[in-house]
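Let me begin by presenting the structure, written as structure tokens, before commenting on it.
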Amino acid sequence: MISVRTILTRHNLAPKKKWGQNFLVDGHVLQKIIDAASPEPGDCVLEVGPGLGALTQGLVNAAGKVLAVELDKGLVDFLSVEFHKHIQAEILEIVQGDILKQDIPALLAPYRHMRLKAVANLPYYITTPAIMRLLECGVLFESVTVMVQKEVARRMGAAPGTKDYGSLSLAVAYHAEAEIVANVPANVFVPRPEVDSAVVRLRMHPEPPVSADKALLFKVIHAAFAQRRKTLVNALFAAGLGESKEELAHLLTACGLRADIRGEALDIYGFSRIAGEIGVRGS
């Protein structure tokens with residue numbers, strides 16, 4: 001098997017630090033990502049950041065269609081040659097561009113008759129925006145499998161009351177069920193990043209698990225974690241979500257919660273009850 005360094009040298013390519021390019025070189029980890037994504041012939045897979053195509057190879061071997069979005073033109077040119085047969089067979093389409101700027105629903109519109117999945121090896125500097133883009137783009141993926149820095153992976157699946165729990169945990173919980181399926185050490189990348197990574201599989205909810213107004217729900221959530229050591233009453237009052245602290249304390253007790261509770265103790269359902277009560281009282 002040709003090494004990543006040999007491929008880079010042979011094709012006059014180099015990892016671009018400004019885009020956070022770190023190429024995965026461990027076949028065992030690649031297989032874990034493929035297993036987590038479970039591509040099948042009836043699937044259309046959106047791959048974000050194909051890089052040198054190590055993961056792309058596994059996807060095109062199993063999925064009915066792969067749409068690979070790559071920002072780096074040099075890598076797009078390389079992939080276009082390496083996967084020429086798959087492109088000609090219309091199994092693979094390579095799109096040059098920034099996933100944060102792509103019209104994802106339009107990109108996937110021709111394949112809505114297929115099961116839609118997403119797989120992403122995300123550069124660290126766009127991790128959270130890219131995850132939220134995939135979750136909120138309006139496409140109902142069956143699953144989203146992402147490799148992210150380990151700290152973010154813990155935050156994505158964190159439970160209430162833990163130090164990693166916060167707004168990202170709740171944003172993910174609104175859209176999906178998160179599971180860390182593999183831990184990935186830094187030494188399986190070229191160049192080696194400064195932190196370890198993890199693979200997270202998000203099984204998307206067909207519908208949100210709560211019925212509260214989404215904008216108000218996340219206004220409450222963001223207020224709760226803007227100053228997470230404050231009680232929820234103080235945090236909501238500081239965000240202008242109540243006329244008085246006394247009113248907010250009564251609101252919490254009406255929701256079956258302690259008046260001195262902190263936001264970090266609440267799950268998505270607790271926040272939904274609060275948002276619903278604020279909505280009723282404000283209407």
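Identifiers in this document derive from the order of the structure tokens: chains are assigned A, B, ..., residues are numbered from 1 separately in each chain, and ligands are numbered from 1 in order of occurrence.
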
* Could you find all residues in stretch 58-226 of chain A that DSSP calls alpha helix (DSSP H) from the backbone, and write them as a PyMOL selection string? => chain A and resi 58-62+73-82+84-88+104-108+127-136+150-156+167-175+214-226

Residues as selected, C-alpha atoms, written as a compact mmCIF listing (two decimals), in the first residue's frame, can you do that?
# COMPACT_ATOMS: atom_id res chain seq x y z
CA GLY A 58 -14.92 2.38 1.03
CA LEU A 59 -18.03 4.45 0.40
CA VAL A 60 -18.09 3.99 -3.40
CA ASN A 61 -17.59 0.25 -2.95
CA ALA A 62 -20.79 -0.02 -0.91
CA LYS A 73 -8.83 22.26 -5.75
CA GLY A 74 -5.58 20.28 -5.73
CA LEU A 75 -7.30 17.42 -3.94
CA VAL A 76 -10.32 17.67 -6.25
CA ASP A 77 -8.00 17.27 -9.24
CA PHE A 78 -6.27 14.31 -7.59
CA LEU A 79 -9.57 12.61 -6.71
CA SER A 80 -10.92 13.19 -10.22
CA VAL A 81 -8.05 11.13 -11.62
CA GLU A 82 -7.96 8.47 -8.89
CA HIS A 84 -12.19 8.39 -12.77
CA LYS A 85 -13.95 5.03 -13.26
CA HIS A 86 -16.39 5.68 -10.43
CA ILE A 87 -17.14 9.15 -11.77
CA GLN A 88 -17.73 7.77 -15.25
CA ILE A 104 -27.13 20.96 0.54
CA PRO A 105 -30.84 20.37 -0.21
CA ALA A 106 -30.29 21.38 -3.85
CA LEU A 107 -27.18 19.21 -4.06
CA LEU A 108 -29.06 16.16 -2.83
CA THR A 127 -16.28 21.35 13.48
CA THR A 128 -19.29 22.82 15.28
CA PRO A 129 -20.54 25.01 12.39
CA ALA A 130 -20.28 22.06 9.99
CA ILE A 131 -22.14 19.70 12.33
CA MET A 132 -24.93 22.23 12.80
CA ARG A 133 -25.03 22.85 9.05
CA LEU A 134 -25.62 19.15 8.43
CA LEU A 135 -28.22 18.92 11.19
CA GLU A 136 -30.15 22.05 10.23
CA LYS A 150 -12.41 14.08 21.20
CA GLU A 151 -13.50 17.02 23.35
CA VAL A 152 -16.27 17.92 20.88
CA ALA A 153 -17.36 14.28 20.67
CA ARG A 154 -17.81 14.19 24.44
CA ARG A 155 -19.81 17.41 24.34
CA MET A 156 -22.06 16.11 21.56
CA SER A 167 -25.71 24.00 24.31
CA LEU A 168 -24.07 21.70 21.73
CA SER A 169 -25.27 18.61 23.62
CA LEU A 170 -28.83 19.92 23.50
CA ALA A 171 -28.62 21.03 19.86
CA VAL A 172 -27.53 17.52 18.93
CA ALA A 173 -30.20 15.92 21.16
CA TYR A 174 -32.88 17.99 19.40
CA HIS A 175 -31.91 16.45 16.07
CA LYS A 214 -37.56 25.97 18.33
CA ALA A 215 -36.37 29.60 18.37
CA LEU A 216 -37.68 30.15 21.90
CA LEU A 217 -36.38 26.76 23.07
CA PHE A 218 -32.83 27.58 22.03
CA LYS A 219 -33.06 31.11 23.35
CA VAL A 220 -33.77 29.54 26.74
CA ILE A 221 -30.97 26.99 26.29
CA HIS A 222 -28.37 29.56 25.24
CA ALA A 223 -29.38 31.80 28.15
CA ALA A 224 -28.95 28.90 30.57
CA PHE A 225 -25.40 28.17 29.43
CA ALA A 226 -24.20 31.73 28.79

* Asked: What is the atom CA of A:Pro41 to atom CA of A:Asp72 distance in Å?
  ->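 Interatomic distance, atom CA of A:Pro41 to atom CA of A:Asp72: 28.1 Å.
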
* Which polymer residues have any atom within 6 Å of an atom of stretch 19-34 of chain A, counting only C-alpha atoms, with same-chain residues fewer than 4 positions away left out, as a PyMOL selection string? -> chain A and resi 15+38+123+188-191

Grab the residues selected above and save them as a PDB file, in the first residue's frame with all heavy atoms.
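Result written to result.pdb:
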ATOM      1  N   PRO A  15      -0.373  18.944   2.913  1.00  0.00           N
ATOM      2  CA  PRO A  15      -1.468  19.298   3.822  1.00  0.00           C
ATOM      3  C   PRO A  15      -1.462  20.804   4.090  1.00  0.00           C
ATOM      4  O   PRO A  15      -0.409  21.391   4.355  1.00  0.00           O
ATOM      5  CB  PRO A  15      -1.141  18.515   5.099  1.00  0.00           C
ATOM      6  CG  PRO A  15      -0.204  17.434   4.664  1.00  0.00           C
ATOM      7  CD  PRO A  15       0.576  18.003   3.526  1.00  0.00           C
ATOM      8  N   SER A  38     -22.444   2.511   7.656  1.00  0.00           N
ATOM      9  CA  SER A  38     -23.178   1.399   7.033  1.00  0.00           C
ATOM     10  C   SER A  38     -23.744   1.750   5.654  1.00  0.00           C
ATOM     11  O   SER A  38     -24.953   1.629   5.411  1.00  0.00           O
ATOM     12  CB  SER A  38     -24.328   0.942   7.959  1.00  0.00           C
ATOM     13  OG  SER A  38     -23.843   0.529   9.203  1.00  0.00           O
ATOM     14  N   PRO A 123     -12.439  19.247   9.556  1.00  0.00           N
ATOM     15  CA  PRO A 123     -11.337  20.058  10.070  1.00  0.00           C
ATOM     16  C   PRO A 123     -11.740  20.669  11.408  1.00  0.00           C
ATOM     17  O   PRO A 123     -12.885  21.091  11.596  1.00  0.00           O
ATOM     18  CB  PRO A 123     -11.159  21.150   9.004  1.00  0.00           C
ATOM     19  CG  PRO A 123     -11.816  20.611   7.780  1.00  0.00           C
ATOM     20  CD  PRO A 123     -12.929  19.739   8.256  1.00  0.00           C
ATOM     21  N   VAL A 188      -2.495   8.449  14.150  1.00  0.00           N
ATOM     22  CA  VAL A 188      -2.938   7.777  12.917  1.00  0.00           C
ATOM     23  C   VAL A 188      -3.237   8.790  11.809  1.00  0.00           C
ATOM     24  O   VAL A 188      -3.870   8.452  10.812  1.00  0.00           O
ATOM     25  CB  VAL A 188      -4.173   6.871  13.169  1.00  0.00           C
ATOM     26  CG1 VAL A 188      -3.839   5.800  14.178  1.00  0.00           C
ATOM     27  CG2 VAL A 188      -5.384   7.680  13.609  1.00  0.00           C
ATOM     28  N   PHE A 189      -2.777  10.028  11.994  1.00  0.00           N
ATOM     29  CA  PHE A 189      -2.953  11.068  10.990  1.00  0.00           C
ATOM     30  C   PHE A 189      -1.611  11.563  10.484  1.00  0.00           C
ATOM     31  O   PHE A 189      -0.608  11.540  11.203  1.00  0.00           O
ATOM     32  CB  PHE A 189      -3.701  12.277  11.575  1.00  0.00           C
ATOM     33  CG  PHE A 189      -5.129  12.010  11.961  1.00  0.00           C
ATOM     34  CD1 PHE A 189      -5.453  11.643  13.256  1.00  0.00           C
ATOM     35  CD2 PHE A 189      -6.150  12.150  11.034  1.00  0.00           C
ATOM     36  CE1 PHE A 189      -6.765  11.414  13.628  1.00  0.00           C
ATOM     37  CE2 PHE A 189      -7.471  11.937  11.395  1.00  0.00           C
ATOM     38  CZ  PHE A 189      -7.780  11.570  12.696  1.00  0.00           C
ATOM     39  N   VAL A 190      -1.607  12.019   9.237  1.00  0.00           N
ATOM     40  CA  VAL A 190      -0.458  12.730   8.656  1.00  0.00           C
ATOM     41  C   VAL A 190      -0.970  14.057   8.108  1.00  0.00           C
ATOM     42  O   VAL A 190      -1.868  14.059   7.258  1.00  0.00           O
ATOM     43  CB  VAL A 190       0.196  11.916   7.524  1.00  0.00           C
ATOM     44  CG1 VAL A 190       1.268  12.758   6.821  1.00  0.00           C
ATOM     45  CG2 VAL A 190       0.801  10.625   8.063  1.00  0.00           C
ATOM     46  N   PRO A 191      -0.433  15.187   8.595  1.00  0.00           N
ATOM     47  CA  PRO A 191       0.444  15.331   9.757  1.00  0.00           C
ATOM     48  C   PRO A 191      -0.312  15.046  11.046  1.00  0.00           C
ATOM     49  O   PRO A 191      -1.545  15.063  11.061  1.00  0.00           O
ATOM     50  CB  PRO A 191       0.874  16.797   9.676  1.00  0.00           C
ATOM     51  CG  PRO A 191      -0.260  17.479   8.992  1.00  0.00           C
ATOM     52  CD  PRO A 191      -0.782  16.491   7.986  1.00  0.00           C
TER      53      PRO A 191
END

* **Top pick for closest residue to A:Lys65, considering A:Gly51, A:Cys137, A:Lys117, A:Arg262 and counting only C-alpha atoms** => A:Lys117

* **9 Å contact set for A:Val233, only C-alpha atoms, chain neighbours under 3 positions out, as a ChimeraX atom specification** => /A:224,230,236-238,242,245-246,248-249,252,259-262

Restricted to all heavy atoms, what would the selected residues look like written as an mmCIF file, in the first residue's frame?
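Saved the output as result-v4.cif:
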data_model
loop_
_atom_site.group_PDB
_atom_site.id
_atom_site.type_symbol
_atom_site.label_atom_id
_atom_site.label_comp_id
_atom_site.auth_asym_id
_atom_site.auth_seq_id
_atom_site.Cartn_x
_atom_site.Cartn_y
_atom_site.Cartn_z
ATOM 1 N N ALA A 224 -29.323 29.747 29.438
ATOM 2 C CA ALA A 224 -28.952 28.903 30.573
ATOM 3 C C ALA A 224 -27.455 28.632 30.629
ATOM 4 O O ALA A 224 -26.874 28.528 31.720
ATOM 5 C CB ALA A 224 -29.717 27.583 30.501
ATOM 6 N N LYS A 230 -24.678 30.177 37.074
ATOM 7 C CA LYS A 230 -25.826 30.869 37.649
ATOM 8 C C LYS A 230 -27.009 29.910 37.755
ATOM 9 O O LYS A 230 -27.125 28.948 36.986
ATOM 10 C CB LYS A 230 -26.245 32.055 36.770
ATOM 11 C CG LYS A 230 -25.372 33.290 36.906
ATOM 12 C CD LYS A 230 -26.023 34.450 36.161
ATOM 13 C CE LYS A 230 -25.276 35.753 36.419
ATOM 14 N NZ LYS A 230 -25.963 36.906 35.779
ATOM 15 N N LEU A 236 -32.037 33.258 33.123
ATOM 16 C CA LEU A 236 -33.172 33.651 32.283
ATOM 17 C C LEU A 236 -33.511 35.120 32.476
ATOM 18 O O LEU A 236 -33.837 35.825 31.509
ATOM 19 C CB LEU A 236 -34.388 32.780 32.602
ATOM 20 C CG LEU A 236 -34.260 31.285 32.269
ATOM 21 C CD1 LEU A 236 -35.521 30.539 32.693
ATOM 22 C CD2 LEU A 236 -33.984 31.071 30.792
ATOM 23 N N PHE A 237 -33.416 35.586 33.705
ATOM 24 C CA PHE A 237 -33.708 36.999 33.969
ATOM 25 C C PHE A 237 -32.682 37.891 33.269
ATOM 26 O O PHE A 237 -33.030 38.920 32.667
ATOM 27 C CB PHE A 237 -33.717 37.273 35.471
ATOM 28 C CG PHE A 237 -34.066 38.685 35.827
ATOM 29 C CD1 PHE A 237 -35.364 39.165 35.656
ATOM 30 C CD2 PHE A 237 -33.095 39.558 36.318
ATOM 31 C CE1 PHE A 237 -35.689 40.477 35.974
ATOM 32 C CE2 PHE A 237 -33.411 40.863 36.635
ATOM 33 C CZ PHE A 237 -34.713 41.335 36.466
ATOM 34 N N ALA A 238 -31.406 37.489 33.316
ATOM 35 C CA ALA A 238 -30.344 38.264 32.664
ATOM 36 C C ALA A 238 -30.552 38.313 31.153
ATOM 37 O O ALA A 238 -30.159 39.287 30.499
ATOM 38 C CB ALA A 238 -28.982 37.658 32.986
ATOM 39 N N GLY A 242 -37.949 37.095 31.480
ATOM 40 C CA GLY A 242 -38.950 37.193 32.540
ATOM 41 C C GLY A 242 -38.958 38.590 33.115
ATOM 42 O O GLY A 242 -37.936 39.289 33.095
ATOM 43 N N LYS A 245 -37.479 37.944 38.858
ATOM 44 C CA LYS A 245 -36.960 36.654 39.287
ATOM 45 C C LYS A 245 -38.046 35.852 40.001
ATOM 46 O O LYS A 245 -38.087 34.616 39.897
ATOM 47 C CB LYS A 245 -35.742 36.842 40.186
ATOM 48 C CG LYS A 245 -34.542 37.448 39.459
ATOM 49 C CD LYS A 245 -33.346 37.610 40.381
ATOM 50 C CE LYS A 245 -32.174 38.263 39.644
ATOM 51 N NZ LYS A 245 -30.990 38.430 40.522
ATOM 52 N N GLU A 246 -38.920 36.558 40.696
ATOM 53 C CA GLU A 246 -40.010 35.878 41.396
ATOM 54 C C GLU A 246 -40.933 35.186 40.385
ATOM 55 O O GLU A 246 -41.349 34.037 40.584
ATOM 56 C CB GLU A 246 -40.806 36.876 42.246
ATOM 57 C CG GLU A 246 -40.051 37.427 43.444
ATOM 58 C CD GLU A 246 -39.002 38.470 43.070
ATOM 59 O OE1 GLU A 246 -39.043 38.997 41.926
ATOM 60 O OE2 GLU A 246 -38.122 38.736 43.916
ATOM 61 N N LEU A 248 -40.125 34.139 37.421
ATOM 62 C CA LEU A 248 -39.416 33.010 36.835
ATOM 63 C C LEU A 248 -39.346 31.833 37.803
ATOM 64 O O LEU A 248 -39.443 30.675 37.399
ATOM 65 C CB LEU A 248 -38.015 33.437 36.410
ATOM 66 C CG LEU A 248 -37.960 34.337 35.166
ATOM 67 C CD1 LEU A 248 -36.593 34.985 35.017
ATOM 68 C CD2 LEU A 248 -38.308 33.521 33.913
ATOM 69 N N ALA A 249 -39.200 32.119 39.095
ATOM 70 C CA ALA A 249 -39.193 31.045 40.087
ATOM 71 C C ALA A 249 -40.535 30.323 40.096
ATOM 72 O O ALA A 249 -40.596 29.079 40.148
ATOM 73 C CB ALA A 249 -38.878 31.613 41.467
ATOM 74 N N LEU A 252 -40.789 28.063 37.011
ATOM 75 C CA LEU A 252 -40.060 26.804 37.134
ATOM 76 C C LEU A 252 -40.829 25.801 37.989
ATOM 77 O O LEU A 252 -40.907 24.614 37.655
ATOM 78 C CB LEU A 252 -38.666 27.042 37.706
ATOM 79 C CG LEU A 252 -37.681 27.818 36.826
ATOM 80 C CD1 LEU A 252 -36.307 27.898 37.493
ATOM 81 C CD2 LEU A 252 -37.547 27.190 35.448
ATOM 82 N N ALA A 259 -36.923 25.851 42.121
ATOM 83 C CA ALA A 259 -36.696 27.251 41.758
ATOM 84 C C ALA A 259 -35.212 27.591 41.695
ATOM 85 O O ALA A 259 -34.819 28.552 41.034
ATOM 86 C CB ALA A 259 -37.396 28.173 42.759
ATOM 87 N N ASP A 260 -34.366 26.781 42.372
ATOM 88 C CA ASP A 260 -32.926 27.085 42.394
ATOM 89 C C ASP A 260 -32.130 26.189 41.437
ATOM 90 O O ASP A 260 -30.900 26.116 41.529
ATOM 91 C CB ASP A 260 -32.378 26.944 43.813
ATOM 92 C CG ASP A 260 -32.486 25.506 44.344
ATOM 93 O OD1 ASP A 260 -33.211 24.692 43.725
ATOM 94 O OD2 ASP A 260 -31.858 25.204 45.375
ATOM 95 N N ILE A 261 -32.808 25.531 40.518
ATOM 96 C CA ILE A 261 -32.127 24.610 39.611
ATOM 97 C C ILE A 261 -31.221 25.358 38.635
ATOM 98 O O ILE A 261 -31.474 26.522 38.298
ATOM 99 C CB ILE A 261 -33.162 23.749 38.842
ATOM 100 C CG1 ILE A 261 -32.505 22.492 38.259
ATOM 101 C CG2 ILE A 261 -33.850 24.574 37.748
ATOM 102 C CD1 ILE A 261 -33.496 21.461 37.759
ATOM 103 N N ARG A 262 -30.143 24.704 38.214
ATOM 104 C CA ARG A 262 -29.269 25.244 37.173
ATOM 105 C C ARG A 262 -29.575 24.562 35.850
ATOM 106 O O ARG A 262 -30.006 23.403 35.812
ATOM 107 C CB ARG A 262 -27.797 25.039 37.540
ATOM 108 C CG ARG A 262 -27.315 25.938 38.677
ATOM 109 C CD ARG A 262 -25.816 25.771 38.886
ATOM 110 N NE ARG A 262 -25.286 26.807 39.757
ATOM 111 C CZ ARG A 262 -25.253 26.715 41.092
ATOM 112 N NH1 ARG A 262 -25.745 25.634 41.678
ATOM 113 N NH2 ARG A 262 -24.763 27.701 41.813
#

* May I have the residues within 10 Å of A:Val210 as a VMD selection string, using only C-alpha atoms and disregarding those fewer than 5 positions away in the same chain? => chain A and resid 174 217 268 to 273

* Using the chain letters and numbers from this document, which residues of stretch 102-227 of chain A does DSSP assign to strand (DSSP E), as a ChimeraX atom specification? -> /A:115-121,143-149,176-184,189-190,197-204

* To do: Identify which of the residues A:Asp103, A:Asp43, A:Glu194, A:Glu177 lies closest to A:Glu207, counting only C-alpha atoms when measuring atom-to-atom distances.
  =>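 For A:Glu207, the nearest of the candidates is A:Glu177.
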
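Separating atom CA of A:Glu93 from atom CA of A:Leu67 is a distance of 4.9 Å.
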
* Between A:Ala120, A:Ile278, A:Ala159, A:Ala186, which is the closest to A:Glu70 once you count only C-alpha atoms? ->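 Nearest candidate to A:Glu70 out of A:Ala120, A:Ile278, A:Ala159, A:Ala186: A:Ala120.
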
* Asked: At what distance in Å, to one decimal, does atom CA of A:Ala118 lie from atom CA of A:His205?
  ->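 Separating atom CA of A:His205 from atom CA of A:Ala118 is a distance of 14.4 Å.
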
* **Exercise: A:Asp98 partners within 8 Å, only C-alpha atoms, chain neighbours under 4 positions left out, as a PyMOL selection string** => chain A and resi 69-71+102
